[in-house]
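What follows is a short report on a single structure.
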Amino acid sequence: MTDNIDVLIIGGGPAGLAAAVKLWDLGVHSLLVLEREKQLGGILRQCIHDGFGLTRFGTTLSGPEYAQRFIDEVRERNIPYITNAAVIGIKPQISGGSGGTSARQPGLRSPEGRAAFGWSAVSEQNAGRSVEAPELKLVTAATRDGLRKWQAKAVVLAMGCRERTRGALAIPGERPAGVFTAGVAQAYMNLYNRMPAREVVILGSGDIGMIMARRLTLEGAHVQAVFEVLPYPSGLPRNIEQCLNDYNIPLYLSHTVTNIHGSARLTAVTVSEVDSQMKPIPGTEKEYPCDTLILSVGLIPENELSLDAGVTLDGRTRGAEVDEFFQTSVPGIFSAGNVLHVHDLVDFVSLEAEALAESCARYLSSGLPECALNIVADKSVNHTVPMRISGSHDVPLSLRPSRPFRDCRVVARQGGVELASKPMKKAIPAEMIQMKIPAAKISASGDILVSIEAGVRASCPSEGD
Amino acid sequence: MDNLFDCLVIGGGVVGSAIARELSRYRLKIGVLEKNLDVCYETSGRNTAVIHGGFAYNTGSLKARFCVEGNRGMTKLADDLDFKFIRTGKVLIGNSEEDMASLKRTMAQGERNGVEGLTLIDGEKLHEMVPTVNGKFALWSPNSGIVDPFMYTIALAENAARNGVKYFLDNEVTAISHGTDGNYCVTTRRGVYHTRWVVNSAGLGCREISDMLGLTGYRVIFSKDHYIILDQRCGVDVPLPRYTVPSNTYMGIHVTPTVDGNVLVGPDAEERPALPRSAGSSAALYDVPQKNIDFLAEDASILWPHIHKKDYIRTYCGILPKWVDENGVIQDFKIEIRDDVAPRAVNLVGIESPGLTCAVPIARHVLDMMKEREPFEENPNFNGRRKGIRRFADMTDEERAEAIRQNPDYGELVCRCEKVSKAEILQAIHNPLGVETMTGIKYRTRSMMGRCQGGYCQMRVERMIEEEKGRRETEVLYNRQGSQVLFDKVREAQR
């Protein structure tokens, strides 16, 4: 049996919940949140440290507290949600035939215009059959109550991200127990009350790794050091200060783990210095006896469902390629939060999801304008979100520098004309930059190039922060 | 003597378990002594998982004979025991005149060995069959295939166990003596066992056990093979195994799909005079060094230029024991009963590739040798069929709906990457062999085997082992003795 619905939100973490509340308040009440875990809240449930909500609520909250604010909002409104519901497929469907009452929705833009973005053959078939109806998406989820299916006019992807693993890095050596990603160690400790470590080495200066350095220390483990392969830290300066420096945990930049020892439980890791190409320098190997290696080496937006739905991903964010309305390459499928691009602060996840909700509501009521202007980043910028804009609205642009800069300027240009710029004393990859591009200056055609113009390149941005 | 076994099989890998299962066709008291906590921790679970055609081995050798026989029987075996086997076919890809001559020799040898369907194909046909590969022509072997090596071994063992074979896990053999009563006394790290017959199918430990039996003098070298596993995304481009033209020494680095759609790159076959061991341990050293990872990717890219680091999900290695003569030339499988030195002891030495393909023919051969010396009474209750755990991931939506209706645990997904339900994890935890390690659950369900490598599900699996088996958190092991996953609770529960 298939139910019809206007918006299906996949993921009940910060992005999904914020989108749900906002959509509800905008009058979209045919709405459902699907969450694979037993409770709402997503990864925030295990983030028991504070520091959440400074931007959004002007106060510092723990992860569960931050999530609870949104969960309360969802419950106050009686927004429907199902937990323990794992979505296993999203398929854009050909509508018109058996779609039922929601299959026809006047006023929506024809999908034909999307062909320019390499949209799938499904849309073209559909265009031939019915230009009026929106593309419905068939969403299938496994629940204890059965295999459930919905036909949704719009789908919001809010699945978050996963951690990069040892296997993905192909760290050489043996395969003992005791090698955990930081999030796994965090889940063991904070959700399962289990202590996974005593004598610890941490690879990667991502925020979760540093937060776990503190957490492990507070629970009696000994954290010997944090090693970072890059010449600058990956995480936020405040975490270096509060999680490492306050506990005298040294951070070694330009170092990496080059061997893992132990046939049963980890016994030691070998650490080497790396050169400017991030290649280990022979002769610099040092062995650190330890029983646990914690990896905080990056997050990857979890987009297997998006790929399944035919959504085009961006090679750099590994999230969906989206326009200024957070709409993906498949019309009616939207994406925000860490599944779109990895954020450093949850506050921005919520804000992004709320912006998505506004676009999604508009998609349902009147359709969205075409976004034909590409935003192109040069080598100084790791990525931008969105990747395409309409040019008819002011657009807040999110971006990350590809390396640290000092006394720099973030600039957006179109055909040599400067559209917007933002001077910055310091820009680091760990901190997302946001800059508004005013519609008034945008021409009807031509790529918009975003770059960071360097002052002096920072060699060690952690100092004096 | 109550605890006298008719036969003890030393080593519960694919060959040992196949032998145990063949033995269980007869009214015998059978035990398997396995040094690890599960049955596929060494060579049986660490290989390319290819079911070979049988063309690569010298005509008249046991390797050739058993390989052809094993290949022919694999479809029925996989059906009987419910493990995944796909007859993908395989291509050996060449470019030069020398390659062509070598492929023709290989083909002729294969035909002499009784391999069916071997065909030389041109570049056009090759690219039609495998579009993303580099090469001018190929030898096509339609009967080659791929298998799930873990479930293949586990299925043999579970079926043997179901037919009365007793598995003694965590029982590394340390001594064997031949008593005056003619029986063998086998000492392990956990106990002493008495038996009339003994089978050495110890794989990597074949020479040590052979020595314990008094069958000394075998020279065994070891080939350490390294692999990279690529994401299932890559699997769509690799419908069947593609090999380079084999040289005399080894088969070259291949690109091989797995039955679950991942892609394997490897092996590189590093020869070692002795079994490499982990520091401070008797366990084999299964490390994967950086230089091997880099070499694999570089070398295999010539054949298939689509290997990208972003698709790596894991690396691993396996070790093959090879019996060699005094000149270091690799010999055939050695399968013997030396009535003069060690009567009623079946000695298997140098069971390496294609051992996975050959396991059941080897087992039948072993039984024939035993039955030449002693009549065995048939076991009328033997049932050679086994049903494995039904996988949510392999079901159609209709089957899923029905499975959840019958058992709601099928509707609760524990592992997202591989779509493994709670029902499957529970069945795996209560497996017939009594294995309760994390990797034991992984091999039986594929949880923790996907692209997130257990980032999402390992905590739940660990918790379920604790609850279902009544273990403390400190008792849950990753794979081996000493591989504890957790040290303590963070806090004791407050009252």
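Simple scheme: letters A, B, ... for chains in structure tokens order, numbers from 1 for residues in each chain, numbers from 1 for ligands in the order shown.
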
Per-residue DSSP, stretch 350-459 of chain A, filtered to strand (DSSP E), as a count of residues only: 51

DSSP-assigned alpha helix (DSSP H) members of stretch 92-127 of chain B, reported as a PyMOL selection string: chain B and resi 97-113+123-127

Those same residues, written as a PDB file, in the first residue's frame with N, CA, C and O atoms?
ATOM      1  N   GLU B  97      52.458 -10.586 -28.835  1.00  0.00           N
ATOM      2  CA  GLU B  97      52.541 -11.912 -29.462  1.00  0.00           C
ATOM      3  C   GLU B  97      52.910 -12.967 -28.437  1.00  0.00           C
ATOM      4  O   GLU B  97      52.407 -14.088 -28.456  1.00  0.00           O
ATOM      5  N   GLU B  98      53.817 -12.560 -27.545  1.00  0.00           N
ATOM      6  CA  GLU B  98      54.234 -13.458 -26.468  1.00  0.00           C
ATOM      7  C   GLU B  98      53.026 -13.863 -25.625  1.00  0.00           C
ATOM      8  O   GLU B  98      52.856 -15.035 -25.273  1.00  0.00           O
ATOM      9  N   ASP B  99      52.182 -12.862 -25.302  1.00  0.00           N
ATOM     10  CA  ASP B  99      50.967 -13.140 -24.531  1.00  0.00           C
ATOM     11  C   ASP B  99      50.092 -14.143 -25.268  1.00  0.00           C
ATOM     12  O   ASP B  99      49.545 -15.074 -24.667  1.00  0.00           O
ATOM     13  N   MET B 100      49.965 -13.940 -26.588  1.00  0.00           N
ATOM     14  CA  MET B 100      49.096 -14.818 -27.377  1.00  0.00           C
ATOM     15  C   MET B 100      49.615 -16.249 -27.324  1.00  0.00           C
ATOM     16  O   MET B 100      48.850 -17.198 -27.123  1.00  0.00           O
ATOM     17  N   ALA B 101      50.951 -16.393 -27.453  1.00  0.00           N
ATOM     18  CA  ALA B 101      51.539 -17.736 -27.402  1.00  0.00           C
ATOM     19  C   ALA B 101      51.271 -18.367 -26.042  1.00  0.00           C
ATOM     20  O   ALA B 101      50.921 -19.550 -25.937  1.00  0.00           O
ATOM     21  N   SER B 102      51.410 -17.564 -25.010  1.00  0.00           N
ATOM     22  CA  SER B 102      51.189 -18.060 -23.651  1.00  0.00           C
ATOM     23  C   SER B 102      49.730 -18.464 -23.450  1.00  0.00           C
ATOM     24  O   SER B 102      49.442 -19.500 -22.846  1.00  0.00           O
ATOM     25  N   LEU B 103      48.811 -17.640 -23.966  1.00  0.00           N
ATOM     26  CA  LEU B 103      47.389 -17.970 -23.823  1.00  0.00           C
ATOM     27  C   LEU B 103      47.045 -19.260 -24.566  1.00  0.00           C
ATOM     28  O   LEU B 103      46.242 -20.065 -24.091  1.00  0.00           O
ATOM     29  N   LYS B 104      47.687 -19.445 -25.737  1.00  0.00           N
ATOM     30  CA  LYS B 104      47.425 -20.674 -26.502  1.00  0.00           C
ATOM     31  C   LYS B 104      47.921 -21.890 -25.743  1.00  0.00           C
ATOM     32  O   LYS B 104      47.265 -22.937 -25.730  1.00  0.00           O
ATOM     33  N   ARG B 105      49.082 -21.746 -25.101  1.00  0.00           N
ATOM     34  CA  ARG B 105      49.595 -22.853 -24.288  1.00  0.00           C
ATOM     35  C   ARG B 105      48.655 -23.139 -23.117  1.00  0.00           C
ATOM     36  O   ARG B 105      48.346 -24.292 -22.817  1.00  0.00           O
ATOM     37  N   THR B 106      48.194 -22.056 -22.474  1.00  0.00           N
ATOM     38  CA  THR B 106      47.278 -22.212 -21.340  1.00  0.00           C
ATOM     39  C   THR B 106      45.991 -22.899 -21.778  1.00  0.00           C
ATOM     40  O   THR B 106      45.470 -23.791 -21.094  1.00  0.00           O
ATOM     41  N   MET B 107      45.508 -22.491 -22.958  1.00  0.00           N
ATOM     42  CA  MET B 107      44.259 -23.065 -23.460  1.00  0.00           C
ATOM     43  C   MET B 107      44.431 -24.554 -23.758  1.00  0.00           C
ATOM     44  O   MET B 107      43.572 -25.372 -23.406  1.00  0.00           O
ATOM     45  N   ALA B 108      45.574 -24.898 -24.374  1.00  0.00           N
ATOM     46  CA  ALA B 108      45.831 -26.304 -24.693  1.00  0.00           C
ATOM     47  C   ALA B 108      45.918 -27.127 -23.411  1.00  0.00           C
ATOM     48  O   ALA B 108      45.356 -28.227 -23.311  1.00  0.00           O
ATOM     49  N   GLN B 109      46.595 -26.559 -22.420  1.00  0.00           N
ATOM     50  CA  GLN B 109      46.712 -27.258 -21.135  1.00  0.00           C
ATOM     51  C   GLN B 109      45.340 -27.445 -20.510  1.00  0.00           C
ATOM     52  O   GLN B 109      45.013 -28.514 -19.986  1.00  0.00           O
ATOM     53  N   GLY B 110      44.534 -26.391 -20.565  1.00  0.00           N
ATOM     54  CA  GLY B 110      43.184 -26.465 -20.018  1.00  0.00           C
ATOM     55  C   GLY B 110      42.375 -27.559 -20.686  1.00  0.00           C
ATOM     56  O   GLY B 110      41.676 -28.330 -20.013  1.00  0.00           O
ATOM     57  N   GLU B 111      42.498 -27.640 -22.012  1.00  0.00           N
ATOM     58  CA  GLU B 111      41.738 -28.670 -22.735  1.00  0.00           C
ATOM     59  C   GLU B 111      42.204 -30.064 -22.341  1.00  0.00           C
ATOM     60  O   GLU B 111      41.390 -30.972 -22.179  1.00  0.00           O
ATOM     61  N   ARG B 112      43.527 -30.209 -22.173  1.00  0.00           N
ATOM     62  CA  ARG B 112      44.044 -31.506 -21.703  1.00  0.00           C
ATOM     63  C   ARG B 112      43.505 -31.831 -20.309  1.00  0.00           C
ATOM     64  O   ARG B 112      43.245 -32.982 -19.983  1.00  0.00           O
ATOM     65  N   ASN B 113      43.326 -30.783 -19.501  1.00  0.00           N
ATOM     66  CA  ASN B 113      42.830 -30.998 -18.133  1.00  0.00           C
ATOM     67  C   ASN B 113      41.333 -31.275 -18.087  1.00  0.00           C
ATOM     68  O   ASN B 113      40.798 -31.579 -17.028  1.00  0.00           O
ATOM     69  N   GLY B 123      39.774  -8.368 -29.452  1.00  0.00           N
ATOM     70  CA  GLY B 123      39.581  -7.140 -28.680  1.00  0.00           C
ATOM     71  C   GLY B 123      38.144  -6.661 -28.703  1.00  0.00           C
ATOM     72  O   GLY B 123      37.608  -6.196 -27.688  1.00  0.00           O
ATOM     73  N   GLU B 124      37.535  -6.814 -29.872  1.00  0.00           N
ATOM     74  CA  GLU B 124      36.162  -6.322 -30.006  1.00  0.00           C
ATOM     75  C   GLU B 124      35.219  -7.069 -29.066  1.00  0.00           C
ATOM     76  O   GLU B 124      34.439  -6.485 -28.322  1.00  0.00           O
ATOM     77  N   LYS B 125      35.355  -8.381 -29.115  1.00  0.00           N
ATOM     78  CA  LYS B 125      34.518  -9.239 -28.257  1.00  0.00           C
ATOM     79  C   LYS B 125      34.834  -8.973 -26.778  1.00  0.00           C
ATOM     80  O   LYS B 125      33.930  -8.886 -25.939  1.00  0.00           O
ATOM     81  N   LEU B 126      36.128  -8.810 -26.494  1.00  0.00           N
ATOM     82  CA  LEU B 126      36.551  -8.541 -25.114  1.00  0.00           C
ATOM     83  C   LEU B 126      35.884  -7.275 -24.584  1.00  0.00           C
ATOM     84  O   LEU B 126      35.341  -7.253 -23.486  1.00  0.00           O
ATOM     85  N   HIS B 127      35.926  -6.224 -25.406  1.00  0.00           N
ATOM     86  CA  HIS B 127      35.379  -4.954 -24.928  1.00  0.00           C
ATOM     87  C   HIS B 127      33.866  -4.953 -24.882  1.00  0.00           C
ATOM     88  O   HIS B 127      33.254  -4.202 -24.130  1.00  0.00           O
TER      89      HIS B 127
END

Go through stretch 319-430 of chain A and flag each residue having an atom no more than 10 Å from stretch 299-302 of chain A; for those, report the closest pair of atoms plus their distance in Å to one decimal, using only C-alpha atoms, ordered by chain and rising number, as JSON lines.
{"residue": "A:Gly319", "atom": "CA", "partner": "A:Pro301", "partner_atom": "CA", "distance": 5.6}
{"residue": "A:Ala320", "atom": "CA", "partner": "A:Pro301", "partner_atom": "CA", "distance": 8.9}
{"residue": "A:Gly337", "atom": "CA", "partner": "A:Pro301", "partner_atom": "CA", "distance": 9.1}
{"residue": "A:Asn338", "atom": "CA", "partner": "A:Pro301", "partner_atom": "CA", "distance": 5.9}
{"residue": "A:Val339", "atom": "CA", "partner": "A:Pro301", "partner_atom": "CA", "distance": 4.3}
{"residue": "A:Leu340", "atom": "CA", "partner": "A:Pro301", "partner_atom": "CA", "distance": 6.4}
{"residue": "A:His341", "atom": "CA", "partner": "A:Pro301", "partner_atom": "CA", "distance": 6.4}
{"residue": "A:Val342", "atom": "CA", "partner": "A:Pro301", "partner_atom": "CA", "distance": 6.8}
{"residue": "A:His343", "atom": "CA", "partner": "A:Leu299", "partner_atom": "CA", "distance": 9.6}

Write out the residues from the selection above, keeping N, CA and C atoms, as an mmCIF file, in the first residue's frame.
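Written output follows (again-v3.cif):
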data_model
loop_
_atom_site.group_PDB
_atom_site.id
_atom_site.type_symbol
_atom_site.label_atom_id
_atom_site.label_comp_id
_atom_site.auth_asym_id
_atom_site.auth_seq_id
_atom_site.Cartn_x
_atom_site.Cartn_y
_atom_site.Cartn_z
ATOM 1 N N GLY A 319 28.398 15.910 -1.659
ATOM 2 C CA GLY A 319 26.964 16.050 -1.430
ATOM 3 C C GLY A 319 26.297 16.335 -2.763
ATOM 4 N N ALA A 320 24.986 16.559 -2.719
ATOM 5 C CA ALA A 320 24.258 16.821 -3.956
ATOM 6 C C ALA A 320 24.719 18.146 -4.558
ATOM 7 N N GLY A 337 22.008 20.478 5.151
ATOM 8 C CA GLY A 337 22.719 19.966 6.328
ATOM 9 C C GLY A 337 23.954 19.194 5.910
ATOM 10 N N ASN A 338 24.383 18.280 6.772
ATOM 11 C CA ASN A 338 25.648 17.585 6.508
ATOM 12 C C ASN A 338 25.570 16.595 5.350
ATOM 13 N N VAL A 339 24.390 16.266 4.914
ATOM 14 C CA VAL A 339 24.300 15.401 3.737
ATOM 15 C C VAL A 339 24.611 16.208 2.470
ATOM 16 N N LEU A 340 24.504 17.524 2.585
ATOM 17 C CA LEU A 340 24.790 18.400 1.444
ATOM 18 C C LEU A 340 26.259 18.812 1.443
ATOM 19 N N HIS A 341 26.709 19.316 2.559
ATOM 20 C CA HIS A 341 28.135 19.600 2.745
ATOM 21 C C HIS A 341 28.386 19.625 4.241
ATOM 22 N N VAL A 342 29.578 19.237 4.643
ATOM 23 C CA VAL A 342 29.854 19.092 6.064
ATOM 24 C C VAL A 342 30.004 20.466 6.702
ATOM 25 N N HIS A 343 29.230 20.674 7.751
ATOM 26 C CA HIS A 343 29.243 21.955 8.470
ATOM 27 C C HIS A 343 30.132 21.834 9.702
#

Residue list for chain A near chain B as a PyMOL selection string, 9 Å, only C-alpha atoms: chain A and resi 36+84-86+88+140-148+162-178+180-181+183-184+187-190+192-198+219+258-266+304

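Non-sequential neighbours of stretch 320-332 of chain B (distance at most 8 Å, separation of 4 or more positions within a chain, only C-alpha atoms) are B:Thr43, B:Ser61, B:Leu62, B:Lys63, B:Gly203, B:Leu204, B:Tyr218, B:Arg219, B:Val220, B:Ile221, B:Phe222, B:Ser223, B:Lys224, B:Asp225, B:Val349, B:Gly350, B:Ile351, B:Glu352, B:Ser353.
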
What would the file look like if the residues just selected were written as a compact mmCIF listing (two decimals), in the first residue's frame with all heavy atoms?
# COMPACT_ATOMS: atom_id res chain seq x y z
N THR B 43 43.58 -18.61 5.64
CA THR B 43 43.60 -18.62 4.18
C THR B 43 42.21 -18.75 3.54
O THR B 43 41.93 -18.12 2.52
CB THR B 43 44.53 -19.75 3.70
OG1 THR B 43 45.76 -19.64 4.46
CG2 THR B 43 44.85 -19.65 2.24
N SER B 61 48.08 -33.27 -12.59
CA SER B 61 48.28 -32.93 -11.17
C SER B 61 46.95 -33.03 -10.43
O SER B 61 45.87 -32.99 -11.03
CB SER B 61 48.83 -31.50 -11.05
OG SER B 61 47.88 -30.57 -11.53
N LEU B 62 47.07 -33.18 -9.11
CA LEU B 62 45.85 -33.15 -8.28
C LEU B 62 45.18 -31.79 -8.40
O LEU B 62 43.95 -31.69 -8.41
CB LEU B 62 46.20 -33.44 -6.82
CG LEU B 62 46.74 -34.83 -6.47
CD1 LEU B 62 47.06 -34.92 -4.97
CD2 LEU B 62 45.74 -35.91 -6.87
N LYS B 63 46.00 -30.74 -8.47
CA LYS B 63 45.43 -29.39 -8.58
C LYS B 63 44.52 -29.29 -9.79
O LYS B 63 43.41 -28.76 -9.71
CB LYS B 63 46.55 -28.34 -8.66
CG LYS B 63 47.26 -28.09 -7.35
CD LYS B 63 48.36 -27.03 -7.47
CE LYS B 63 49.09 -26.86 -6.13
NZ LYS B 63 50.25 -25.96 -6.21
N GLY B 203 46.43 -26.20 6.99
CA GLY B 203 46.69 -25.03 6.15
C GLY B 203 48.06 -24.45 6.41
O GLY B 203 49.08 -25.07 6.12
N LEU B 204 48.10 -23.24 6.98
CA LEU B 204 49.37 -22.57 7.24
C LEU B 204 50.24 -23.39 8.20
O LEU B 204 51.46 -23.30 8.16
CB LEU B 204 49.13 -21.18 7.83
CG LEU B 204 48.45 -20.18 6.90
CD1 LEU B 204 48.23 -18.85 7.64
CD2 LEU B 204 49.27 -19.95 5.64
N TYR B 218 59.15 -31.96 5.04
CA TYR B 218 58.49 -31.12 4.04
C TYR B 218 58.99 -29.69 4.12
O TYR B 218 59.17 -29.13 5.20
CB TYR B 218 56.96 -31.13 4.24
CG TYR B 218 56.35 -32.41 3.76
CD1 TYR B 218 55.89 -33.37 4.65
CD2 TYR B 218 56.27 -32.67 2.39
CE1 TYR B 218 55.36 -34.57 4.20
CE2 TYR B 218 55.75 -33.87 1.93
CZ TYR B 218 55.29 -34.80 2.84
OH TYR B 218 54.77 -35.97 2.39
N ARG B 219 59.23 -29.13 2.94
CA ARG B 219 59.63 -27.73 2.88
C ARG B 219 58.41 -26.94 2.42
O ARG B 219 57.85 -27.21 1.35
CB ARG B 219 60.79 -27.59 1.89
CG ARG B 219 61.61 -26.38 2.17
CD ARG B 219 62.83 -26.32 1.24
NE ARG B 219 63.06 -24.91 1.00
CZ ARG B 219 63.60 -24.43 -0.10
NH1 ARG B 219 63.97 -25.22 -1.07
NH2 ARG B 219 63.77 -23.14 -0.21
N VAL B 220 58.00 -26.02 3.24
CA VAL B 220 56.83 -25.21 2.90
C VAL B 220 57.23 -23.74 2.93
O VAL B 220 57.84 -23.27 3.89
CB VAL B 220 55.67 -25.46 3.89
CG1 VAL B 220 54.48 -24.55 3.58
CG2 VAL B 220 55.24 -26.93 3.84
N ILE B 221 56.96 -23.04 1.83
CA ILE B 221 57.18 -21.60 1.82
C ILE B 221 55.81 -20.91 1.80
O ILE B 221 54.77 -21.56 1.64
CB ILE B 221 58.04 -21.14 0.61
CG1 ILE B 221 57.32 -21.45 -0.70
CG2 ILE B 221 59.42 -21.78 0.67
CD1 ILE B 221 57.86 -20.69 -1.88
N PHE B 222 55.82 -19.60 1.96
CA PHE B 222 54.56 -18.89 2.11
C PHE B 222 54.49 -17.71 1.13
O PHE B 222 55.47 -17.02 0.91
CB PHE B 222 54.42 -18.40 3.55
CG PHE B 222 54.37 -19.54 4.51
CD1 PHE B 222 55.54 -20.08 5.05
CD2 PHE B 222 53.16 -20.13 4.85
CE1 PHE B 222 55.51 -21.17 5.91
CE2 PHE B 222 53.11 -21.22 5.70
CZ PHE B 222 54.29 -21.74 6.24
N SER B 223 53.32 -17.57 0.55
CA SER B 223 53.12 -16.46 -0.37
C SER B 223 52.12 -15.51 0.27
O SER B 223 50.98 -15.90 0.58
CB SER B 223 52.57 -17.00 -1.69
OG SER B 223 52.18 -15.94 -2.51
N LYS B 224 52.58 -14.29 0.50
CA LYS B 224 51.72 -13.31 1.18
C LYS B 224 51.08 -12.42 0.12
O LYS B 224 51.77 -11.77 -0.66
CB LYS B 224 52.58 -12.49 2.16
CG LYS B 224 51.80 -11.58 3.07
CD LYS B 224 52.64 -11.22 4.31
CE LYS B 224 51.91 -10.21 5.18
NZ LYS B 224 52.22 -8.83 4.83
N ASP B 225 49.78 -12.46 0.09
CA ASP B 225 49.02 -11.77 -0.95
C ASP B 225 48.25 -10.59 -0.37
O ASP B 225 47.51 -10.75 0.60
CB ASP B 225 48.01 -12.75 -1.58
CG ASP B 225 48.70 -13.81 -2.42
OD1 ASP B 225 49.70 -13.47 -3.07
OD2 ASP B 225 48.25 -14.97 -2.41
N VAL B 349 49.54 -31.47 2.73
CA VAL B 349 50.60 -30.45 2.79
C VAL B 349 50.50 -29.57 1.54
O VAL B 349 50.26 -30.06 0.44
CB VAL B 349 52.00 -31.12 2.86
CG1 VAL B 349 53.10 -30.06 2.88
CG2 VAL B 349 52.10 -32.01 4.09
N GLY B 350 50.67 -28.29 1.77
CA GLY B 350 50.73 -27.36 0.63
C GLY B 350 49.39 -27.17 -0.07
O GLY B 350 49.32 -27.04 -1.28
N ILE B 351 48.32 -27.18 0.72
CA ILE B 351 47.01 -26.93 0.12
C ILE B 351 46.84 -25.42 -0.02
O ILE B 351 46.53 -24.71 0.94
CB ILE B 351 45.85 -27.54 0.96
CG1 ILE B 351 46.13 -29.00 1.29
CG2 ILE B 351 44.53 -27.38 0.21
CD1 ILE B 351 46.23 -29.94 0.11
N GLU B 352 47.08 -24.95 -1.21
CA GLU B 352 47.04 -23.51 -1.51
C GLU B 352 46.02 -23.32 -2.61
O GLU B 352 45.18 -24.19 -2.84
CB GLU B 352 48.44 -23.07 -1.92
CG GLU B 352 49.04 -23.92 -3.04
CD GLU B 352 49.77 -23.11 -4.07
OE1 GLU B 352 49.63 -21.88 -4.10
OE2 GLU B 352 50.51 -23.70 -4.87
N SER B 353 46.11 -22.20 -3.32
CA SER B 353 45.25 -22.01 -4.47
C SER B 353 45.52 -23.14 -5.46
O SER B 353 46.66 -23.50 -5.67
CB SER B 353 45.57 -20.66 -5.12
OG SER B 353 44.78 -20.45 -6.25

Contact residues around A:Ala420 with only C-alpha atoms at 8 Å, ignoring same-chain residues under 6 positions, as a list in words: Val411, Ala412, Arg413, Met435, Lys436, Ile437 and Pro438 of chain A

Given only C-alpha atoms as the counted atoms, nearest of B:Ala161, B:Thr174, B:Ile146, B:Phe376 to B:Asn47: B:Ile146

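Within the 8 Å cut-off around stretch 22-29 of chain A, using only C-alpha atoms and omitting residues fewer than 5 positions from it on the same chain, the listed residues are A:Asp6, A:Val7, A:Arg77, A:Ile79, A:Glu354, A:Ala357, A:Glu358, A:Cys360, A:Ala361.
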
Residues as selected, N, CA, C and O atoms, written as a PDB file, in the first residue's frame, can you do that?
ATOM      1  N   ASP A   6       2.819  15.217   0.722  1.00  0.00           N
ATOM      2  CA  ASP A   6       3.464  16.338   0.034  1.00  0.00           C
ATOM      3  C   ASP A   6       4.983  16.292   0.218  1.00  0.00           C
ATOM      4  O   ASP A   6       5.729  16.314  -0.750  1.00  0.00           O
ATOM      5  N   VAL A   7       5.408  16.247   1.475  1.00  0.00           N
ATOM      6  CA  VAL A   7       6.859  16.281   1.712  1.00  0.00           C
ATOM      7  C   VAL A   7       7.268  15.149   2.648  1.00  0.00           C
ATOM      8  O   VAL A   7       6.705  14.994   3.733  1.00  0.00           O
ATOM      9  N   ARG A  77       3.697  20.879  17.576  1.00  0.00           N
ATOM     10  CA  ARG A  77       2.898  21.020  16.354  1.00  0.00           C
ATOM     11  C   ARG A  77       2.245  19.701  15.928  1.00  0.00           C
ATOM     12  O   ARG A  77       1.539  19.654  14.934  1.00  0.00           O
ATOM     13  N   ILE A  79       3.752  17.339  14.478  1.00  0.00           N
ATOM     14  CA  ILE A  79       4.276  16.963  13.160  1.00  0.00           C
ATOM     15  C   ILE A  79       4.529  15.461  13.164  1.00  0.00           C
ATOM     16  O   ILE A  79       5.179  14.937  14.070  1.00  0.00           O
ATOM     17  N   GLU A 354      16.140  25.456   7.231  1.00  0.00           N
ATOM     18  CA  GLU A 354      14.990  26.367   7.220  1.00  0.00           C
ATOM     19  C   GLU A 354      14.877  27.076   5.873  1.00  0.00           C
ATOM     20  O   GLU A 354      13.775  27.278   5.346  1.00  0.00           O
ATOM     21  N   ALA A 357      13.389  24.707   3.589  1.00  0.00           N
ATOM     22  CA  ALA A 357      11.950  24.555   3.811  1.00  0.00           C
ATOM     23  C   ALA A 357      11.174  25.637   3.046  1.00  0.00           C
ATOM     24  O   ALA A 357      10.122  25.363   2.449  1.00  0.00           O
ATOM     25  N   GLU A 358      11.697  26.846   3.066  1.00  0.00           N
ATOM     26  CA  GLU A 358      11.019  27.926   2.336  1.00  0.00           C
ATOM     27  C   GLU A 358      10.959  27.621   0.844  1.00  0.00           C
ATOM     28  O   GLU A 358       9.935  27.811   0.187  1.00  0.00           O
ATOM     29  N   CYS A 360      11.152  24.684  -0.538  1.00  0.00           N
ATOM     30  CA  CYS A 360      10.344  23.492  -0.761  1.00  0.00           C
ATOM     31  C   CYS A 360       8.862  23.875  -0.753  1.00  0.00           C
ATOM     32  O   CYS A 360       8.077  23.403  -1.600  1.00  0.00           O
ATOM     33  N   ALA A 361       8.470  24.734   0.180  1.00  0.00           N
ATOM     34  CA  ALA A 361       7.075  25.195   0.238  1.00  0.00           C
ATOM     35  C   ALA A 361       6.710  25.922  -1.053  1.00  0.00           C
ATOM     36  O   ALA A 361       5.615  25.752  -1.602  1.00  0.00           O
TER      37      ALA A 361
END

Shell of 12 Å around A:Ala19, only C-alpha atoms, local chain residues under 2 positions omitted, as JSON, numbers by chain: {"A": [7, 8, 9, 10, 11, 12, 13, 14, 15, 16, 17, 21, 22, 23, 24, 25, 26, 28, 31, 32, 33, 70, 71, 73, 74, 79, 155, 156, 157, 158, 326, 334, 335, 336, 337, 349, 350, 351, 352, 353, 354, 355, 356, 357, 358, 359, 360, 361]}
